[in-house]
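With compact mmCIF, C-alpha atoms inside, this is model_17.txt:
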# COMPACT_ATOMS: atom_id res chain seq x y z
CA MET Q 8 -11.89 10.90 -19.31
CA TRP Q 9 -10.82 7.51 -17.98
CA TYR Q 10 -11.50 8.53 -14.38
CA ASP Q 11 -15.07 9.71 -15.01
CA PHE Q 12 -16.45 6.56 -13.39
CA PHE Q 13 -16.56 8.73 -10.26
CA MET Q 14 -20.08 9.83 -11.11
CA ASN Q 15 -20.90 9.90 -7.42
CA LYS Q 16 -19.58 13.05 -5.83
CA ALA Q 17 -20.66 15.12 -2.87
CA THR Q 18 -19.75 18.44 -1.39
CA VAL Q 19 -18.91 19.19 2.21
CA LEU Q 20 -19.11 22.92 2.92
CA ASN Q 21 -18.66 23.58 -0.81
CA CYS Q 22 -15.61 21.30 -1.13
CA ARG Q 23 -15.84 18.38 -3.55
CA VAL Q 24 -15.40 14.89 -2.14
CA ASP Q 25 -15.17 11.91 -4.50
CA LEU Q 26 -17.08 8.88 -3.28
CA CYS Q 27 -14.76 5.95 -3.84
CA ASP Q 28 -12.91 3.21 -2.05
CA GLU Q 29 -9.15 2.89 -1.72
CA LYS Q 30 -8.84 0.37 -4.54
CA GLN Q 31 -10.60 2.70 -6.97
CA ALA Q 32 -8.39 5.60 -5.89
CA LEU Q 33 -5.24 3.52 -6.41
CA ASN Q 34 -6.49 2.39 -9.81
CA CYS Q 35 -6.87 6.05 -10.74
CA ALA Q 36 -3.25 6.69 -9.78
CA TYR Q 37 -2.10 3.64 -11.73
CA ASP Q 38 -4.02 4.68 -14.85
CA ALA Q 39 -2.78 8.28 -14.61
CA ILE Q 40 0.83 7.08 -14.60
CA ARG Q 41 0.29 4.71 -17.51
CA GLU Q 42 -1.38 7.48 -19.52
CA ASN Q 43 1.28 10.04 -18.60
CA GLN Q 44 -1.21 12.39 -16.97
CA SER Q 45 -0.69 15.22 -14.49
CA PHE Q 46 -2.87 14.06 -11.61
CA HIS Q 47 -3.45 15.82 -8.28
CA ILE Q 48 -4.91 13.80 -5.40
CA ILE Q 49 -5.98 15.53 -2.19
CA THR Q 50 -6.49 13.55 1.01
CA ILE Q 51 -9.14 15.91 2.24
CA ASN Q 52 -9.91 16.45 5.92
CA PRO Q 53 -11.97 18.87 8.07
CA GLU Q 54 -9.01 21.19 8.69
CA MET Q 55 -8.55 21.69 4.94
CA ILE Q 56 -12.24 22.28 4.41
CA MET Q 57 -12.39 24.85 7.19
CA ASN Q 58 -9.32 26.59 5.78
CA SER Q 59 -11.01 26.78 2.37
CA GLN Q 60 -13.84 28.77 3.96
CA LYS Q 61 -11.38 31.64 4.54
CA ASN Q 62 -9.10 31.09 1.55
CA SER Q 63 -10.78 31.23 -1.85
CA ASP Q 64 -7.57 30.32 -3.67
CA PHE Q 65 -7.27 27.15 -1.61
CA SER Q 66 -10.96 26.38 -2.22
CA ASN Q 67 -10.25 26.67 -5.95
CA ILE Q 68 -7.32 24.26 -5.67
CA ILE Q 69 -9.48 21.71 -3.82
CA ASN Q 70 -12.31 21.88 -6.32
CA ASN Q 71 -9.99 21.68 -9.33
CA SER Q 72 -7.95 18.69 -8.21
CA ASN Q 73 -8.37 15.40 -10.04
CA LEU Q 74 -9.39 13.36 -7.02
CA ASN Q 75 -10.36 14.22 -3.44
CA ILE Q 76 -10.35 11.21 -1.15
CA PRO Q 77 -11.83 11.47 2.38
CA ASP Q 78 -9.00 11.12 4.87
CA GLY Q 79 -10.32 12.68 8.06
CA VAL Q 80 -13.03 10.78 9.94
CA GLY Q 81 -14.82 14.13 10.24
CA VAL Q 82 -15.47 14.08 6.49
CA LYS Q 83 -16.93 10.58 6.80
CA ILE Q 84 -19.25 11.83 9.58
CA ALA Q 85 -20.25 14.87 7.50
CA LEU Q 86 -21.26 12.59 4.63
CA LYS Q 87 -23.09 10.23 6.97
CA LEU Q 88 -25.21 13.17 8.15
CA ARG Q 89 -26.48 13.28 4.58
CA LYS Q 90 -27.03 9.53 4.49
CA ILE Q 91 -23.97 8.96 2.31
CA ALA Q 92 -21.98 5.87 3.29
CA GLN Q 93 -18.30 6.43 2.60
CA GLN Q 94 -15.23 4.70 3.97
CA GLN Q 95 -12.38 6.74 5.37
CA ILE Q 96 -9.22 6.38 3.29
CA ARG Q 97 -6.30 7.00 5.65
CA GLY Q 98 -3.72 9.22 4.01
CA VAL Q 99 -0.82 7.31 5.56
CA ASP Q 100 -2.13 3.99 4.18
CA PHE Q 101 -2.72 5.53 0.76
CA ALA Q 102 0.83 6.90 0.70
CA ARG Q 103 2.19 3.46 1.67
CA ASN Q 104 0.26 1.87 -1.16
CA LEU Q 105 1.65 4.40 -3.65
CA ILE Q 106 5.19 3.57 -2.49
CA GLU Q 107 4.44 -0.11 -3.01
CA LEU Q 108 2.97 0.69 -6.45
CA ALA Q 109 6.19 2.51 -7.33
CA SER Q 110 8.28 -0.44 -6.18
CA LYS Q 111 6.29 -3.07 -8.07
CA ASN Q 112 6.26 -1.12 -11.33
CA ASN Q 113 9.64 0.61 -11.16
CA TYR Q 114 7.94 4.01 -11.15
CA ARG Q 115 10.12 7.00 -10.34
CA LEU Q 116 9.31 8.18 -6.80
CA ALA Q 117 9.95 11.62 -5.28
CA LEU Q 118 9.74 12.60 -1.61
CA LEU Q 119 9.41 16.22 -0.47
CA GLY Q 120 8.92 17.54 3.04
CA ALA Q 121 9.66 17.27 6.77
CA LYS Q 122 12.94 17.99 8.56
CA GLU Q 123 16.18 16.75 7.02
CA GLU Q 124 16.71 13.99 9.59
CA ILE Q 125 13.13 12.81 9.19
CA ILE Q 126 13.10 12.70 5.39
CA GLN Q 127 16.48 10.92 5.37
CA LYS Q 128 15.24 8.33 7.88
CA THR Q 129 12.11 7.90 5.73
CA LYS Q 130 14.34 7.32 2.70
CA GLU Q 131 16.40 4.80 4.68
CA ASN Q 132 13.30 2.88 5.82
CA ILE Q 133 11.80 2.82 2.33
CA LEU Q 134 15.05 1.51 0.83
CA LYS Q 135 15.28 -1.09 3.58
CA LYS Q 136 11.83 -2.43 2.67
CA TYR Q 137 12.12 -1.89 -1.09
CA PRO Q 138 15.85 -2.11 -1.95
CA ASN Q 139 15.29 -1.73 -5.70
CA ILE Q 140 12.80 1.15 -5.59
CA ASN Q 141 13.53 3.93 -8.08
CA LEU Q 142 13.85 6.86 -5.66
CA VAL Q 143 14.79 9.81 -7.87
CA TYR Q 144 14.36 12.83 -5.58
CA VAL Q 145 14.49 13.46 -1.83
CA GLN Q 146 14.24 16.97 -0.39
CA ASN Q 147 13.37 18.26 3.06
CA GLY Q 148 10.59 20.80 3.51
CA TYR Q 149 12.83 23.65 4.68
CA PHE Q 150 13.83 25.49 1.53
CA ASP Q 151 13.90 29.13 0.44
CA ASP Q 152 13.67 28.81 -3.32
CA GLU Q 153 10.39 27.13 -4.25
CA ASN Q 154 10.95 27.68 -7.97
CA LYS Q 155 14.21 25.70 -7.81
CA VAL Q 156 12.47 22.86 -5.95
CA ILE Q 157 9.74 22.79 -8.59
CA GLU Q 158 12.34 22.70 -11.38
CA ASP Q 159 14.32 19.98 -9.61
CA ILE Q 160 11.19 17.85 -9.25
CA LYS Q 161 10.38 18.30 -12.92
CA ASN Q 162 13.95 17.43 -13.90
CA SER Q 163 13.75 14.25 -11.81
CA LYS Q 164 10.93 13.05 -14.10
CA ALA Q 165 9.19 11.60 -11.05
CA GLN Q 166 6.00 9.66 -11.73
CA ILE Q 167 4.80 9.73 -8.11
CA LEU Q 168 5.38 12.70 -5.81
CA LEU Q 169 4.61 12.55 -2.09
CA ALA Q 170 4.69 16.09 -0.69
CA GLY Q 171 4.64 16.43 3.09
CA LEU Q 172 4.78 20.20 3.52
CA GLY Q 173 1.60 20.65 5.49
CA SER Q 174 -1.59 22.12 4.11
CA PRO Q 175 -2.11 24.34 2.15
CA LYS Q 176 1.59 24.68 1.20
CA GLN Q 177 1.79 21.17 -0.25
CA GLU Q 178 -1.39 21.62 -2.31
CA GLU Q 179 -0.25 25.01 -3.57
CA LEU Q 180 3.08 23.62 -4.77
CA ILE Q 181 1.39 20.66 -6.45
CA TYR Q 182 -1.10 23.03 -8.11
CA LYS Q 183 1.83 24.90 -9.70
CA LEU Q 184 3.32 21.64 -10.98
CA LYS Q 185 -0.05 20.63 -12.39
CA ASN Q 186 -0.41 23.98 -14.16
CA ASP Q 187 2.99 23.28 -15.73
CA ASN Q 188 1.49 19.99 -17.03
CA PHE Q 189 4.03 17.96 -15.10
CA ALA Q 190 3.05 14.35 -15.83
CA CYS Q 191 3.01 12.84 -12.36
CA VAL Q 192 0.66 11.56 -9.68
CA MET Q 193 1.04 14.13 -6.90
CA VAL Q 194 -0.32 13.76 -3.38
CA GLY Q 195 -0.05 15.95 -0.30
CA VAL Q 196 0.74 13.58 2.57
CA GLY Q 197 0.95 15.95 5.55
CA GLY Q 198 2.82 14.35 8.44
CA CYS Q 199 3.20 10.88 6.90
CA PHE Q 200 7.00 11.12 6.86
CA ASP Q 201 6.96 11.45 10.64
CA VAL Q 202 5.27 8.05 10.71
CA PHE Q 203 7.44 6.48 8.00
CA SER Q 204 10.60 7.63 9.78
CA GLY Q 205 9.43 6.12 13.07
CA VAL Q 206 9.43 9.47 14.88
CA THR Q 207 5.65 9.32 15.34
CA LYS Q 208 3.87 6.13 16.34
CA GLU Q 209 0.67 5.18 14.56
CA ALA Q 210 -2.50 4.76 16.56
CA PRO Q 211 -3.25 1.17 17.57
CA LYS Q 212 -5.69 -0.64 15.28
CA ILE Q 213 -8.52 -0.36 17.79
CA TYR Q 214 -8.32 3.45 17.56
CA GLN Q 215 -8.13 3.30 13.77
CA ASN Q 216 -11.12 0.95 13.50
CA LEU Q 217 -13.23 3.15 15.78
CA GLY Q 218 -12.30 6.31 13.90
CA LEU Q 219 -10.56 7.67 17.00
CA GLU Q 220 -7.08 8.06 15.59
CA TRP Q 221 -7.34 11.81 16.21
CA LEU Q 222 -7.95 11.10 19.91
CA TYR Q 223 -4.85 8.89 20.20
CA ARG Q 224 -2.68 11.50 18.50
CA THR Q 225 -4.08 14.25 20.72
CA LEU Q 226 -3.40 12.22 23.86
CA SER Q 227 0.13 11.55 22.58
CA GLU Q 228 0.67 15.18 21.53
CA PRO Q 229 -1.50 17.49 23.71
CA LYS Q 230 -0.33 20.52 21.74
CA ARG Q 231 -2.54 19.27 18.87
CA LEU Q 232 -5.55 20.40 20.91
CA LYS Q 233 -5.00 23.93 19.63
CA ARG Q 234 -5.40 22.64 16.07
CA ILE Q 235 -8.39 20.40 16.68
CA PHE Q 236 -10.40 22.69 18.93
CA PRO Q 237 -12.41 24.64 18.09
CA THR Q 238 -11.90 23.68 14.40
CA LEU Q 239 -13.49 20.22 14.52
CA PRO Q 240 -16.60 21.15 16.59
CA ILE Q 241 -17.27 24.18 14.37
CA PHE Q 242 -16.81 21.99 11.28
CA LEU Q 243 -19.39 19.49 12.53
CA ILE Q 244 -21.86 22.23 13.52
CA LYS Q 245 -21.57 23.77 10.04
CA CYS Q 246 -22.07 20.35 8.44
CA ILE Q 247 -25.21 19.74 10.50
CA ILE Q 248 -26.59 23.07 9.33
CA GLU Q 249 -25.67 22.30 5.74
CA CYS Q 250 -26.95 18.72 5.66
CA GLY Q 251 -30.48 19.82 4.73
CA THR Q 252 -29.24 20.82 1.29
CA LYS Q 253 -27.28 18.76 -1.21
CA LYS Q 254 -25.04 20.34 -3.80
CA ASP Q 255 -23.75 18.23 -6.64
CA PHE Q 256 -20.92 18.75 -9.09

Any chance you could put this one into C-alpha cells?
Amino acid sequence: MWYDFFMNKATVLNCRVDLCDEKQALNCAYDAIRENQSFHIITINPEMIMNSQKNSDFSNIINNSNLNIPDGVGVKIALKLRKIAQQQIRGVDFARNLIELASKNNYRLALLGAKEEIIQKTKENILKKYPNINLVYVQNGYFDDENKVIEDIKNSKAQILLAGLGSPKQEELIYKLKNDNFACVMVGVGGCFDVFSGVTKEAPKIYQNLGLEWLYRTLSEPKRLKRIFPTLPIFLIKCIIECGTKKDF
C-alpha cells in the first residue's frame, strides 16, 4: 500500500506505534483522501495503552488502525527507554493541521463531540479563521442514537472527521465507520474542541517544549490528578520492565 513506507514500527505494551514525524503523518492523510480510502488515525497516549491492557477489543482497534501517532509524552519516553528516538506529535496540533488541509483543498470536514456550546463555539472559531471551509457536519457528543450519528456522518460524505468523544468511545465509533468502508480520514481528537473553542487554555510553549504539558493541565485542573495517577507511573514502570524485549510488527 501507499503508506507502507512506515517500515519502522515499535510496540509499547503490545500496542503498535508508527515511527514518523508530523509531516509524514499529514502526507498519509492527504494521500488517503486523494485515493478515497477509509483511514483511521489514532493519537496514541499512555492512558489509551493502559486501557488496552484491560480491554482486548480496544487493543484490537489500536492494532488494526491505519496509523498510530505518538501524542502523549509518556509514549515518547517509553520509546526512548528502548533507544528509539521519536518526536511527540501533539494531537491538538495535528487536528489543527487537518483543518487547514481541509480549508486549502476544499475537503469536506465533519466535527463530532463535546458539549453543544463548545462544539458550536469551535465551529464559529473555525469559520472565523477559514470562512470558506467546507464544514458539512457538526454534532455534539451527547447523543442517544449512535447508529443515526454514524448514518448522518456517512450521508455528509465527509472526507475528514474529527471525533472528540473521549477514548475509547471515539475510537470505537470510528472503527464502526471503517468497517463500513466509509472513505474518510478519521481521527479521535479527545479534548481538542475545548481548546479550539477557547474554553481550555493551551500550555505555554515552554511547557510544550519541555514535554510538561500534562503538568500545566494538571495544575490548571487539579481533578485531572485522578486520571494521571496512578496510571502514568504504572505505565512507565511497565515500560521499564518491558524495555528489555522488542516486539516488531

* **Given all atoms listed in the file as the counted atoms, nearest of Q:Pro138, Q:Gly120, Q:Gly197, Q:Gly79 to Glu107 of chain Q** => Q:Pro138

What's the 7 Å shell around segment 159-170 of chain Q, counting all atoms listed in the file, without same-chain residues fewer than 2 positions away, as a short mmCIF file (atom, residue, chain, number, x, y, z; two decimals) with C-alpha atoms, in the frame of the given file?
data_model
loop_
_atom_site.label_atom_id
_atom_site.label_comp_id
_atom_site.auth_asym_id
_atom_site.auth_seq_id
_atom_site.Cartn_x
_atom_site.Cartn_y
_atom_site.Cartn_z
CA ILE Q 40 0.83 7.08 -14.60
CA TYR Q 114 7.94 4.01 -11.15
CA ARG Q 115 10.12 7.00 -10.34
CA LEU Q 116 9.31 8.18 -6.80
CA ALA Q 117 9.95 11.62 -5.28
CA LEU Q 118 9.74 12.60 -1.61
CA LEU Q 119 9.41 16.22 -0.47
CA GLY Q 120 8.92 17.54 3.04
CA VAL Q 143 14.79 9.81 -7.87
CA TYR Q 144 14.36 12.83 -5.58
CA LYS Q 155 14.21 25.70 -7.81
CA VAL Q 156 12.47 22.86 -5.95
CA ILE Q 157 9.74 22.79 -8.59
CA LEU Q 172 4.78 20.20 3.52
CA GLN Q 177 1.79 21.17 -0.25
CA PHE Q 189 4.03 17.96 -15.10
CA ALA Q 190 3.05 14.35 -15.83
CA CYS Q 191 3.01 12.84 -12.36
CA VAL Q 192 0.66 11.56 -9.68
CA MET Q 193 1.04 14.13 -6.90
CA VAL Q 194 -0.32 13.76 -3.38
CA GLY Q 195 -0.05 15.95 -0.30
CA VAL Q 196 0.74 13.58 2.57
#

* **Neighbour residues at most 8 Å from (-16.8, 4.8, 0.8) (all atoms listed in the file) as a PyMOL selection string** => chain Q and resi 26-28+92-95

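In terms of minimum interatomic distance to Ser110 of chain Q, Q:Asn139 ranks closest within Q:Asn71, Q:Asn139, Q:Asn188, Q:Gln60, counting all atoms listed in the file.
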
* Asked: What does the distance between atom CA of Ile96 of chain Q and atom CA of Cys199 of chain Q come to in Å, to one decimal place?
  ->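 Computed distance, atom CA of Ile96 of chain Q to atom CA of Cys199 of chain Q, equals 13.7 Å.
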
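With distances restricted to only C-alpha atoms, Q:Leu74 is the closest residue to Cys35 of chain Q from Q:Leu74, Q:Ile140, Q:Ala85, Q:Ile91.
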
* Asked: Which is closest to Ser174 of chain Q among Q:Thr238, Q:Gly198, Q:Trp221, Q:Asn67, if we use all atoms listed in the file?
  -> Q:Gly198
